[in-house]
Every structure is written in structure tokens, then in C-alpha cells.
>>> print(open('my_file.txt').read())   # compact mmCIF, C-alpha atoms
# COMPACT_ATOMS: atom_id res chain seq x y z
CA GLN N 1206 -14.76 -6.78 -1.80
CA LYS N 1207 -11.77 -4.49 -1.73
CA GLU N 1208 -9.04 -5.32 0.77
CA VAL N 1209 -9.02 -1.80 2.21
CA GLU N 1210 -11.99 0.52 1.77
CA GLN N 1211 -12.32 4.23 2.35
CA ASN N 1212 -14.91 6.79 1.43
CA SER N 1213 -13.35 8.91 -1.32
CA GLY N 1214 -15.01 12.10 -0.05
CA PRO N 1215 -14.46 14.94 -0.16
CA LEU N 1216 -15.00 15.36 3.54
CA SER N 1217 -15.51 19.05 4.24
CA VAL N 1218 -15.06 20.45 7.75
CA PRO N 1219 -14.67 24.01 9.04
CA GLU N 1220 -11.45 25.15 10.60
CA GLY N 1221 -11.22 24.11 14.25
CA ALA N 1222 -13.61 21.17 13.89
CA ILE N 1223 -12.83 17.49 14.33
CA ALA N 1224 -12.35 15.53 11.11
CA SER N 1225 -13.15 11.84 11.29
CA LEU N 1226 -11.75 9.54 8.61
CA ASN N 1227 -12.73 5.89 8.42
CA CYS N 1228 -11.32 2.73 6.91
CA THR N 1229 -12.36 -0.92 6.85
CA TYR N 1230 -10.25 -3.90 5.90
CA SER N 1231 -11.09 -7.42 4.87
CA ASP N 1232 -8.19 -9.59 6.10
CA ARG N 1233 -8.76 -10.54 9.75
CA GLY N 1234 -5.12 -11.56 10.05
CA SER N 1235 -3.89 -8.01 9.51
CA GLN N 1236 -1.77 -6.72 12.37
CA SER N 1237 -0.45 -3.29 11.41
CA PHE N 1238 -2.37 -0.25 10.27
CA PHE N 1239 -1.14 3.06 8.94
CA TRP N 1240 -2.45 6.48 8.05
CA TYR N 1241 -0.63 8.49 5.41
CA ARG N 1242 -1.25 12.07 4.34
CA GLN N 1243 -0.71 12.95 0.70
CA TYR N 1244 -0.72 16.47 -0.64
CA SER N 1245 -1.50 16.91 -4.30
CA GLY N 1246 1.49 16.01 -6.43
CA LYS N 1247 3.51 14.72 -3.47
CA SER N 1248 4.36 11.32 -2.07
CA PRO N 1249 2.57 9.82 0.97
CA GLU N 1250 3.78 10.93 4.38
CA LEU N 1251 3.26 8.69 7.42
CA ILE N 1252 1.11 10.29 10.13
CA MET N 1253 0.21 7.46 12.45
CA PHE N 1254 0.54 3.73 12.83
CA ILE N 1255 -1.30 1.46 15.23
CA TYR N 1256 -1.03 -2.20 16.15
CA SER N 1257 -3.26 -2.68 19.19
CA ASN N 1258 -6.97 -2.29 19.69
CA GLY N 1259 -7.94 1.06 21.15
CA ASP N 1260 -6.72 4.59 20.67
CA LYS N 1261 -3.31 6.01 19.96
CA GLU N 1262 -2.80 9.74 20.22
CA ASP N 1263 -0.10 11.93 18.72
CA GLY N 1264 -0.68 15.64 18.98
CA ARG N 1265 -3.87 16.57 17.14
CA PHE N 1266 -4.14 13.09 15.64
CA THR N 1267 -5.78 10.02 17.16
CA ALA N 1268 -5.85 6.63 15.49
CA GLN N 1269 -8.49 4.16 16.61
CA LEU N 1270 -8.42 0.44 15.91
CA ASN N 1271 -11.15 -2.14 16.36
CA LYS N 1272 -9.95 -5.51 15.08
CA ALA N 1273 -13.23 -7.27 15.86
CA SER N 1274 -15.04 -4.88 13.53
CA GLN N 1275 -12.07 -4.66 11.12
CA TYR N 1276 -12.21 -0.92 11.36
CA VAL N 1277 -9.59 1.77 11.78
CA SER N 1278 -10.15 5.49 11.97
CA LEU N 1279 -8.23 8.73 12.18
CA LEU N 1280 -9.45 11.74 14.11
CA ILE N 1281 -7.93 15.16 13.48
CA ARG N 1282 -8.72 17.65 16.21
CA ASP N 1283 -8.66 21.42 15.66
CA SER N 1284 -8.52 20.92 11.89
CA GLN N 1285 -6.47 23.49 9.99
CA PRO N 1286 -6.61 24.48 6.31
CA SER N 1287 -3.11 22.98 6.03
CA ASP N 1288 -4.65 19.58 6.88
CA SER N 1289 -6.46 19.65 3.52
CA ALA N 1290 -5.06 16.64 1.71
CA THR N 1291 -5.87 13.07 0.81
CA TYR N 1292 -5.58 10.62 3.68
CA LEU N 1293 -4.61 7.08 2.80
CA CYS N 1294 -5.32 4.12 5.03
CA ALA N 1295 -2.85 1.25 4.63
CA VAL N 1296 -2.74 -2.24 6.06
CA ALA N 1297 0.37 -4.39 6.25
CA SER N 1298 -0.40 -7.70 4.59
CA PRO N 1299 0.01 -10.51 7.15
CA ARG N 1300 1.35 -12.77 4.42
CA GLY N 1301 3.75 -10.31 2.86
CA PHE N 1302 7.03 -8.93 4.03
CA GLN N 1303 6.34 -5.27 4.69
CA LYS N 1304 3.84 -5.11 1.84
CA LEU N 1305 1.29 -2.36 2.30
CA VAL N 1306 -2.23 -2.53 0.91
CA PHE N 1307 -3.73 0.94 0.50
CA GLY N 1308 -7.24 2.24 0.27
CA THR N 1309 -8.13 4.76 -2.39
CA GLY N 1310 -7.89 7.62 0.08
CA THR N 1311 -10.28 10.18 1.51
CA ARG N 1312 -9.95 13.76 0.39
CA LEU N 1313 -10.25 16.19 3.30
CA LEU N 1314 -11.08 19.87 2.78
CA VAL N 1315 -10.76 22.21 5.75
CA SER N 1316 -12.33 25.59 5.11
CA PRO N 1317 -11.12 28.73 6.92
CA ASP V 709 21.23 11.32 6.16
CA ALA V 710 19.55 11.15 2.79
CA GLY V 711 16.18 9.52 2.66
CA VAL V 712 14.86 7.50 -0.24
CA THR V 713 15.84 9.12 -3.50
CA GLN V 714 14.21 8.47 -6.85
CA SER V 715 15.03 9.51 -10.37
CA PRO V 716 13.89 10.90 -12.65
CA THR V 717 11.18 12.99 -11.02
CA HIS V 718 9.18 13.47 -14.19
CA LEU V 719 9.32 11.89 -17.61
CA ILE V 720 7.21 11.55 -20.72
CA LYS V 721 7.32 8.46 -22.90
CA THR V 722 5.51 7.27 -26.00
CA ARG V 723 3.35 4.16 -26.14
CA GLY V 724 5.41 1.08 -26.85
CA GLN V 725 8.61 2.51 -25.43
CA GLN V 726 10.49 1.24 -22.41
CA VAL V 727 11.30 3.12 -19.21
CA THR V 728 13.67 2.62 -16.31
CA LEU V 729 13.12 4.25 -12.95
CA ARG V 730 15.73 4.29 -10.21
CA CYS V 731 15.67 4.24 -6.44
CA SER V 732 18.29 4.57 -3.75
CA PRO V 733 17.04 3.41 -0.36
CA LYS V 734 17.56 5.21 2.90
CA SER V 735 20.94 4.54 4.46
CA GLY V 736 20.89 1.28 6.41
CA HIS V 737 17.87 -0.10 4.56
CA ASP V 738 18.14 -3.26 2.52
CA THR V 739 14.61 -3.87 1.22
CA VAL V 740 13.04 -1.93 -1.61
CA SER V 741 9.41 -2.02 -2.69
CA TRP V 742 7.82 -0.38 -5.69
CA TYR V 743 4.28 0.96 -5.87
CA GLN V 744 2.19 2.42 -8.69
CA GLN V 745 -0.28 5.18 -7.91
CA ALA V 746 -2.70 6.09 -10.67
CA LEU V 747 -4.55 9.37 -10.46
CA GLY V 748 -7.25 9.27 -7.79
CA GLN V 749 -6.18 5.85 -6.53
CA GLY V 750 -4.13 4.57 -3.64
CA PRO V 751 -0.67 3.14 -4.27
CA GLN V 752 -0.64 -0.45 -5.52
CA PHE V 753 2.17 -2.84 -4.69
CA ILE V 754 4.20 -3.88 -7.72
CA PHE V 755 7.03 -5.94 -6.21
CA GLN V 756 9.67 -6.04 -3.51
CA TYR V 757 13.39 -6.72 -3.67
CA TYR V 758 15.54 -8.15 -0.94
CA GLU V 759 19.05 -9.57 -1.24
CA GLU V 760 18.99 -8.77 -4.96
CA GLU V 761 15.98 -11.02 -5.58
CA GLU V 762 12.29 -10.39 -6.12
CA ARG V 763 10.74 -11.54 -2.87
CA GLN V 764 7.11 -10.96 -3.65
CA ARG V 765 5.04 -9.53 -6.44
CA GLY V 766 1.69 -7.86 -6.81
CA ASN V 767 -0.81 -8.27 -9.60
CA PHE V 768 1.21 -6.67 -12.38
CA PRO V 769 2.10 -8.12 -15.79
CA ASP V 770 5.54 -9.31 -16.76
CA ARG V 771 6.10 -6.03 -18.59
CA PHE V 772 7.03 -4.76 -15.15
CA SER V 773 10.40 -6.03 -14.01
CA GLY V 774 13.02 -4.93 -11.59
CA HIS V 775 16.45 -5.35 -10.24
CA GLN V 776 18.32 -4.74 -7.02
CA PHE V 777 22.03 -4.06 -6.94
CA PRO V 778 24.59 -5.05 -4.30
CA ASN V 779 24.41 -1.55 -2.84
CA TYR V 780 20.64 -2.11 -2.32
CA SER V 781 19.60 0.43 -4.94
CA SER V 782 16.90 -0.72 -7.31
CA GLU V 783 15.48 -0.20 -10.77
CA LEU V 784 11.97 -0.61 -12.08
CA ASN V 785 11.65 -1.36 -15.78
CA VAL V 786 8.44 -1.18 -17.74
CA ASN V 787 8.38 -2.47 -21.32
CA ALA V 788 5.87 -1.85 -24.09
CA LEU V 789 4.37 1.13 -22.32
CA LEU V 790 0.62 1.60 -22.38
CA LEU V 791 -1.35 4.77 -21.77
CA GLY V 792 -2.60 3.15 -18.56
CA ASP V 793 0.93 2.99 -17.20
CA SER V 794 0.79 6.74 -16.65
CA ALA V 795 1.11 7.11 -12.89
CA LEU V 796 3.26 8.13 -9.96
CA TYR V 797 5.77 5.39 -9.22
CA LEU V 798 6.82 5.25 -5.60
CA CYS V 799 9.78 3.50 -4.08
CA ALA V 800 9.73 2.50 -0.42
CA SER V 801 12.62 1.19 1.63
CA SER V 802 12.76 -0.60 4.95
CA PRO V 803 15.55 -1.84 7.23
CA PRO V 804 16.97 -5.27 7.95
CA GLY V 805 14.87 -7.37 10.24
CA GLY V 806 11.58 -6.18 8.90
CA ALA V 807 9.70 -2.96 9.21
CA SER V 808 7.78 -1.60 12.10
CA GLY V 809 5.29 1.15 11.60
CA ASN V 810 7.66 4.04 11.35
CA THR V 811 10.44 2.41 9.37
CA ILE V 812 8.94 2.23 5.90
CA TYR V 813 10.11 5.31 4.04
CA PHE V 814 8.74 6.51 0.70
CA GLY V 815 10.63 8.49 -1.88
CA GLU V 816 9.17 11.51 -3.65
CA GLY V 817 8.20 9.39 -6.62
CA SER V 818 8.66 9.45 -10.36
CA TRP V 819 5.84 10.83 -12.45
CA LEU V 820 5.48 8.90 -15.68
CA THR V 821 3.28 10.17 -18.48
CA VAL V 822 2.71 7.92 -21.48
CA VAL V 823 1.43 9.66 -24.60
>>> encode(input="my_file.txt", output="C-alpha cells")
Amino acid sequence: QKEVEQNSGPLSVPEGAIASLNCTYSDRGSQSFFWYRQYSGKSPELIMFIYSNGDKEDGRFTAQLNKASQYVSLLIRDSQPSDSATYLCAVASPRGFQKLVFGTGTRLLVSP
Amino acid sequence: DAGVTQSPTHLIKTRGQQVTLRCSPKSGHDTVSWYQQALGQGPQFIFQYYEEEERQRGNFPDRFSGHQFPNYSSELNVNALLLGDSALYLCASSPPGGASGNTIYFGEGSWLTVV
């Protein structure tokens, strides 16, 4: 079982729709969860981080965390073509100092 | 305030050669981590340096080694390059006292191609 799992996609949504990206993790001791956006050929860019169960909203982005189910998601409202990228879920290892464990990423395609 | 800077941005090496990649952390940061991102994969943790010592290491062979200097900058060295070492190498820095969610910064990466 992989430590952090994501569907590789691509996830295709029309412009203006809600994109829902999902991630599961295996280590129940994990405390910190991150979503990064990565454009082709570029380095990852932090979009959201979440520590507590529930929802955290920032503009068009909402991160959702359910520690009981070991599940974290990212919702992108009013999706734009510029949101087309790979979205990486990362979990901070509870036994490592600031070590991030990444999923393989979900490729999102937003069509005009 | 400069962020995390990495050099070189792109390089091509031949199998069996050695490569050194460099990273300068964001101002005020003292911890440097290195990640390898192969095509189509998420970044994988190589190792982390703090106070000029390797603090933790991922599942990478001894061909991968590193160093941290007194000014907190860091180098990643890879010996006996294999074709499979072709990847984007990312440096991440974080501040004293540990990182919260928005204090781990990634550099733009170094693209290594091994032919």
C-alpha cells in the first residue's frame, strides 16, 4: 500500500465547474496535509494546507480533511483553464522533521 | 527577499559520471531537504540537512550524498549516474523551529538528464 494515493487522472471538467481531487493516506499518525499545484516543467507551488478535521477555504479552493477515514480532498470552484495542472497531495511524516510524502499527483484539465 | 535558489537549472550528463547540484535556502531558513521527481511521479524525499548534518534520509542508495555549509546552503551529489537518475531535483527549505504548513519553500529545481 502506498503511503499517499491519488488517482492519476486526467480529471476533465468544463470551465466554471467544480473540480474535486481526492487523496488517501496510510499513516494514521499524520498531522499535516498539503496540496501543491505543479504546472508542466515547473516546481510544486503550495495551494493549501490543513491540520484539523473539516473544511478550510481560501478563495476558490477548499481543502477537506477526514482523519478517521484517512482522506483529504481539494475542491476547486469555478474552475478556469489556468487551473489545468497536476495537483499533488502531500502528507508530513509524523516521524520525520518536515519530511513530506507525496502522492503521484492528479492531472486536471479544464476545458473552455 | 530571494526565495530558494537552485543551480544549474538544466544539465545533461553521461552514464557513470558524477553530478553536483546546489541550493541556497530562503533567507532565515536553516533546514534543507532534497527531493527527486521522476517524470509522471510525485517528488520523493532523498535526505534532509540541518546544522550541517544529514538528519534523515529516504530510500536512496549511497550514490546520493549531500552536504550543508555553515551558511546553510547545500549540495546534492550523485555518483555513478544511471539512466534512471534522470529527474527533476527539488530543494526545499524551512525555518528554525520546524515548519508549519506555509513555511516549506521549494526552489525551481534542477533538471538532470542522463544519457
>>> interface_residues(input="my_file.txt", of="chain N", to="chain V", cutoff="8 Å", atoms="all atoms listed in the file", output="PyMOL selection string")
chain N and resi 1237-1239+1247-1251+1254-1255+1293+1301-1310
>>> atom_distance(input="my_file.txt", atom1="CA of His718 in chain V", atom2="CA of Glu762 in chain V")
25.4 Å
>>> atom_distance(input="my_file.txt", atom1="CA of Ala1273 in chain N", atom2="CA of Gln1236 in chain N")
12.0 Å
>>> atom_distance(input="my_file.txt", atom1="CA of Cys1228 in chain N", atom2="CA of Leu1216 in chain N")
13.6 Å
>>> closest_residue(input="my_file.txt", among="V:Pro716, V:Ser781, V:Lys721, V:Phe772", to="Lys734 in chain V", atoms="only C-alpha atoms")
V:Ser781
>>> decode(input="my_file.txt", residues="range 743-777 of chain V", atoms="N, CA, C and O atoms", output="PDB file, in the first residue's frame")
ATOM      1  N   TYR V 743      14.565  16.511  -2.874  1.00  0.00           N
ATOM      2  CA  TYR V 743      13.587  15.579  -3.402  1.00  0.00           C
ATOM      3  C   TYR V 743      13.941  15.272  -4.854  1.00  0.00           C
ATOM      4  O   TYR V 743      14.456  16.130  -5.576  1.00  0.00           O
ATOM      5  N   GLN V 744      13.604  14.050  -5.269  1.00  0.00           N
ATOM      6  CA  GLN V 744      13.733  13.652  -6.668  1.00  0.00           C
ATOM      7  C   GLN V 744      12.345  13.437  -7.244  1.00  0.00           C
ATOM      8  O   GLN V 744      11.527  12.733  -6.646  1.00  0.00           O
ATOM      9  N   GLN V 745      12.081  14.043  -8.394  1.00  0.00           N
ATOM     10  CA  GLN V 745      10.793  13.847  -9.042  1.00  0.00           C
ATOM     11  C   GLN V 745      11.006  13.305 -10.447  1.00  0.00           C
ATOM     12  O   GLN V 745      11.404  14.043 -11.351  1.00  0.00           O
ATOM     13  N   ALA V 746      10.752  12.020 -10.620  1.00  0.00           N
ATOM     14  CA  ALA V 746      10.814  11.413 -11.940  1.00  0.00           C
ATOM     15  C   ALA V 746       9.563  11.791 -12.721  1.00  0.00           C
ATOM     16  O   ALA V 746       8.537  12.179 -12.140  1.00  0.00           O
ATOM     17  N   LEU V 747       9.646  11.668 -14.018  1.00  0.00           N
ATOM     18  CA  LEU V 747       8.543  12.064 -14.884  1.00  0.00           C
ATOM     19  C   LEU V 747       7.278  11.288 -14.531  1.00  0.00           C
ATOM     20  O   LEU V 747       7.305  10.065 -14.406  1.00  0.00           O
ATOM     21  N   GLY V 748       6.179  12.007 -14.309  1.00  0.00           N
ATOM     22  CA  GLY V 748       4.913  11.370 -14.016  1.00  0.00           C
ATOM     23  C   GLY V 748       4.756  10.898 -12.581  1.00  0.00           C
ATOM     24  O   GLY V 748       3.759  10.255 -12.252  1.00  0.00           O
ATOM     25  N   GLN V 749       5.724  11.204 -11.741  1.00  0.00           N
ATOM     26  CA  GLN V 749       5.680  10.783 -10.341  1.00  0.00           C
ATOM     27  C   GLN V 749       5.653  11.997  -9.424  1.00  0.00           C
ATOM     28  O   GLN V 749       5.960  13.112  -9.839  1.00  0.00           O
ATOM     29  N   GLY V 750       5.296  11.764  -8.161  1.00  0.00           N
ATOM     30  CA  GLY V 750       5.412  12.816  -7.174  1.00  0.00           C
ATOM     31  C   GLY V 750       6.838  12.899  -6.661  1.00  0.00           C
ATOM     32  O   GLY V 750       7.620  11.956  -6.817  1.00  0.00           O
ATOM     33  N   PRO V 751       7.207  14.001  -6.069  1.00  0.00           N
ATOM     34  CA  PRO V 751       8.559  14.119  -5.507  1.00  0.00           C
ATOM     35  C   PRO V 751       8.790  13.058  -4.425  1.00  0.00           C
ATOM     36  O   PRO V 751       7.890  12.766  -3.645  1.00  0.00           O
ATOM     37  N   GLN V 752      10.014  12.534  -4.404  1.00  0.00           N
ATOM     38  CA  GLN V 752      10.399  11.562  -3.377  1.00  0.00           C
ATOM     39  C   GLN V 752      11.532  12.138  -2.546  1.00  0.00           C
ATOM     40  O   GLN V 752      12.521  12.644  -3.106  1.00  0.00           O
ATOM     41  N   PHE V 753      11.398  12.004  -1.248  1.00  0.00           N
ATOM     42  CA  PHE V 753      12.368  12.556  -0.301  1.00  0.00           C
ATOM     43  C   PHE V 753      13.690  11.817  -0.408  1.00  0.00           C
ATOM     44  O   PHE V 753      13.733  10.584  -0.312  1.00  0.00           O
ATOM     45  N   ILE V 754      14.769  12.582  -0.603  1.00  0.00           N
ATOM     46  CA  ILE V 754      16.101  11.974  -0.651  1.00  0.00           C
ATOM     47  C   ILE V 754      16.749  12.048   0.721  1.00  0.00           C
ATOM     48  O   ILE V 754      17.087  11.032   1.323  1.00  0.00           O
ATOM     49  N   PHE V 755      16.966  13.273   1.221  1.00  0.00           N
ATOM     50  CA  PHE V 755      17.514  13.480   2.557  1.00  0.00           C
ATOM     51  C   PHE V 755      17.325  14.928   2.978  1.00  0.00           C
ATOM     52  O   PHE V 755      16.901  15.773   2.192  1.00  0.00           O
ATOM     53  N   GLN V 756      17.630  15.158   4.252  1.00  0.00           N
ATOM     54  CA  GLN V 756      17.467  16.484   4.829  1.00  0.00           C
ATOM     55  C   GLN V 756      18.715  16.842   5.629  1.00  0.00           C
ATOM     56  O   GLN V 756      19.265  15.999   6.338  1.00  0.00           O
ATOM     57  N   TYR V 757      19.104  18.112   5.519  1.00  0.00           N
ATOM     58  CA  TYR V 757      20.267  18.604   6.248  1.00  0.00           C
ATOM     59  C   TYR V 757      19.884  19.700   7.227  1.00  0.00           C
ATOM     60  O   TYR V 757      19.093  20.609   6.902  1.00  0.00           O
ATOM     61  N   TYR V 758      20.438  19.581   8.404  1.00  0.00           N
ATOM     62  CA  TYR V 758      20.221  20.548   9.462  1.00  0.00           C
ATOM     63  C   TYR V 758      21.495  20.629  10.274  1.00  0.00           C
ATOM     64  O   TYR V 758      22.083  19.601  10.618  1.00  0.00           O
ATOM     65  N   GLU V 759      21.932  21.824  10.565  1.00  0.00           N
ATOM     66  CA  GLU V 759      23.176  22.038  11.326  1.00  0.00           C
ATOM     67  C   GLU V 759      24.331  21.242  10.704  1.00  0.00           C
ATOM     68  O   GLU V 759      25.120  20.605  11.412  1.00  0.00           O
ATOM     69  N   GLU V 760      24.394  21.299   9.386  1.00  0.00           N
ATOM     70  CA  GLU V 760      25.484  20.727   8.596  1.00  0.00           C
ATOM     71  C   GLU V 760      25.556  19.199   8.685  1.00  0.00           C
ATOM     72  O   GLU V 760      26.567  18.605   8.298  1.00  0.00           O
ATOM     73  N   GLU V 761      24.472  18.576   9.150  1.00  0.00           N
ATOM     74  CA  GLU V 761      24.471  17.116   9.233  1.00  0.00           C
ATOM     75  C   GLU V 761      23.212  16.558   8.565  1.00  0.00           C
ATOM     76  O   GLU V 761      22.151  17.206   8.559  1.00  0.00           O
ATOM     77  N   GLU V 762      23.334  15.353   8.050  1.00  0.00           N
ATOM     78  CA  GLU V 762      22.193  14.669   7.477  1.00  0.00           C
ATOM     79  C   GLU V 762      21.299  14.209   8.627  1.00  0.00           C
ATOM     80  O   GLU V 762      21.687  13.357   9.423  1.00  0.00           O
ATOM     81  N   ARG V 763      20.084  14.741   8.664  1.00  0.00           N
ATOM     82  CA  ARG V 763      19.210  14.457   9.796  1.00  0.00           C
ATOM     83  C   ARG V 763      18.326  13.242   9.540  1.00  0.00           C
ATOM     84  O   ARG V 763      18.003  12.506  10.455  1.00  0.00           O
ATOM     85  N   GLN V 764      17.924  13.078   8.301  1.00  0.00           N
ATOM     86  CA  GLN V 764      17.145  11.913   7.951  1.00  0.00           C
ATOM     87  C   GLN V 764      17.303  11.650   6.468  1.00  0.00           C
ATOM     88  O   GLN V 764      17.682  12.552   5.707  1.00  0.00           O
ATOM     89  N   ARG V 765      17.017  10.413   6.089  1.00  0.00           N
ATOM     90  CA  ARG V 765      17.286  10.001   4.730  1.00  0.00           C
ATOM     91  C   ARG V 765      16.146   9.128   4.224  1.00  0.00           C
ATOM     92  O   ARG V 765      15.573   8.335   4.978  1.00  0.00           O
ATOM     93  N   GLY V 766      15.830   9.294   2.968  1.00  0.00           N
ATOM     94  CA  GLY V 766      14.836   8.444   2.332  1.00  0.00           C
ATOM     95  C   GLY V 766      15.472   7.196   1.765  1.00  0.00           C
ATOM     96  O   GLY V 766      16.643   6.898   2.016  1.00  0.00           O
ATOM     97  N   ASN V 767      14.732   6.485   0.968  1.00  0.00           N
ATOM     98  CA  ASN V 767      15.178   5.205   0.440  1.00  0.00           C
ATOM     99  C   ASN V 767      15.978   5.395  -0.846  1.00  0.00           C
ATOM    100  O   ASN V 767      15.541   5.028  -1.936  1.00  0.00           O
ATOM    101  N   PHE V 768      17.136   5.972  -0.714  1.00  0.00           N
ATOM    102  CA  PHE V 768      18.027   6.207  -1.842  1.00  0.00           C
ATOM    103  C   PHE V 768      19.391   5.599  -1.544  1.00  0.00           C
ATOM    104  O   PHE V 768      19.834   5.589  -0.400  1.00  0.00           O
ATOM    105  N   PRO V 769      20.058   5.086  -2.598  1.00  0.00           N
ATOM    106  CA  PRO V 769      21.361   4.435  -2.382  1.00  0.00           C
ATOM    107  C   PRO V 769      22.434   5.433  -1.985  1.00  0.00           C
ATOM    108  O   PRO V 769      22.262   6.654  -2.103  1.00  0.00           O
ATOM    109  N   ASP V 770      23.560   4.868  -1.563  1.00  0.00           N
ATOM    110  CA  ASP V 770      24.672   5.702  -1.096  1.00  0.00           C
ATOM    111  C   ASP V 770      25.291   6.533  -2.207  1.00  0.00           C
ATOM    112  O   ASP V 770      26.112   7.424  -1.927  1.00  0.00           O
ATOM    113  N   ARG V 771      24.927   6.238  -3.441  1.00  0.00           N
ATOM    114  CA  ARG V 771      25.434   7.079  -4.548  1.00  0.00           C
ATOM    115  C   ARG V 771      24.951   8.526  -4.388  1.00  0.00           C
ATOM    116  O   ARG V 771      25.537   9.438  -4.963  1.00  0.00           O
ATOM    117  N   PHE V 772      23.893   8.674  -3.644  1.00  0.00           N
ATOM    118  CA  PHE V 772      23.356  10.013  -3.381  1.00  0.00           C
ATOM    119  C   PHE V 772      23.930  10.497  -2.047  1.00  0.00           C
ATOM    120  O   PHE V 772      23.761   9.851  -1.005  1.00  0.00           O
ATOM    121  N   SER V 773      24.618  11.603  -2.094  1.00  0.00           N
ATOM    122  CA  SER V 773      25.185  12.159  -0.872  1.00  0.00           C
ATOM    123  C   SER V 773      25.001  13.662  -0.900  1.00  0.00           C
ATOM    124  O   SER V 773      24.679  14.258  -1.939  1.00  0.00           O
ATOM    125  N   GLY V 774      25.210  14.260   0.244  1.00  0.00           N
ATOM    126  CA  GLY V 774      24.990  15.693   0.306  1.00  0.00           C
ATOM    127  C   GLY V 774      25.891  16.370   1.298  1.00  0.00           C
ATOM    128  O   GLY V 774      26.717  15.737   1.981  1.00  0.00           O
ATOM    129  N   HIS V 775      25.688  17.644   1.360  1.00  0.00           N
ATOM    130  CA  HIS V 775      26.494  18.451   2.283  1.00  0.00           C
ATOM    131  C   HIS V 775      25.736  19.731   2.571  1.00  0.00           C
ATOM    132  O   HIS V 775      25.005  20.243   1.703  1.00  0.00           O
ATOM    133  N   GLN V 776      25.909  20.242   3.784  1.00  0.00           N
ATOM    134  CA  GLN V 776      25.377  21.564   4.101  1.00  0.00           C
ATOM    135  C   GLN V 776      26.509  22.415   4.641  1.00  0.00           C
ATOM    136  O   GLN V 776      27.306  21.956   5.482  1.00  0.00           O
ATOM    137  N   PHE V 777      26.568  23.621   4.193  1.00  0.00           N
ATOM    138  CA  PHE V 777      27.641  24.541   4.574  1.00  0.00           C
ATOM    139  C   PHE V 777      27.196  25.433   5.728  1.00  0.00           C
ATOM    140  O   PHE V 777      26.002  25.537   6.018  1.00  0.00           O
TER     141      PHE V 777
END
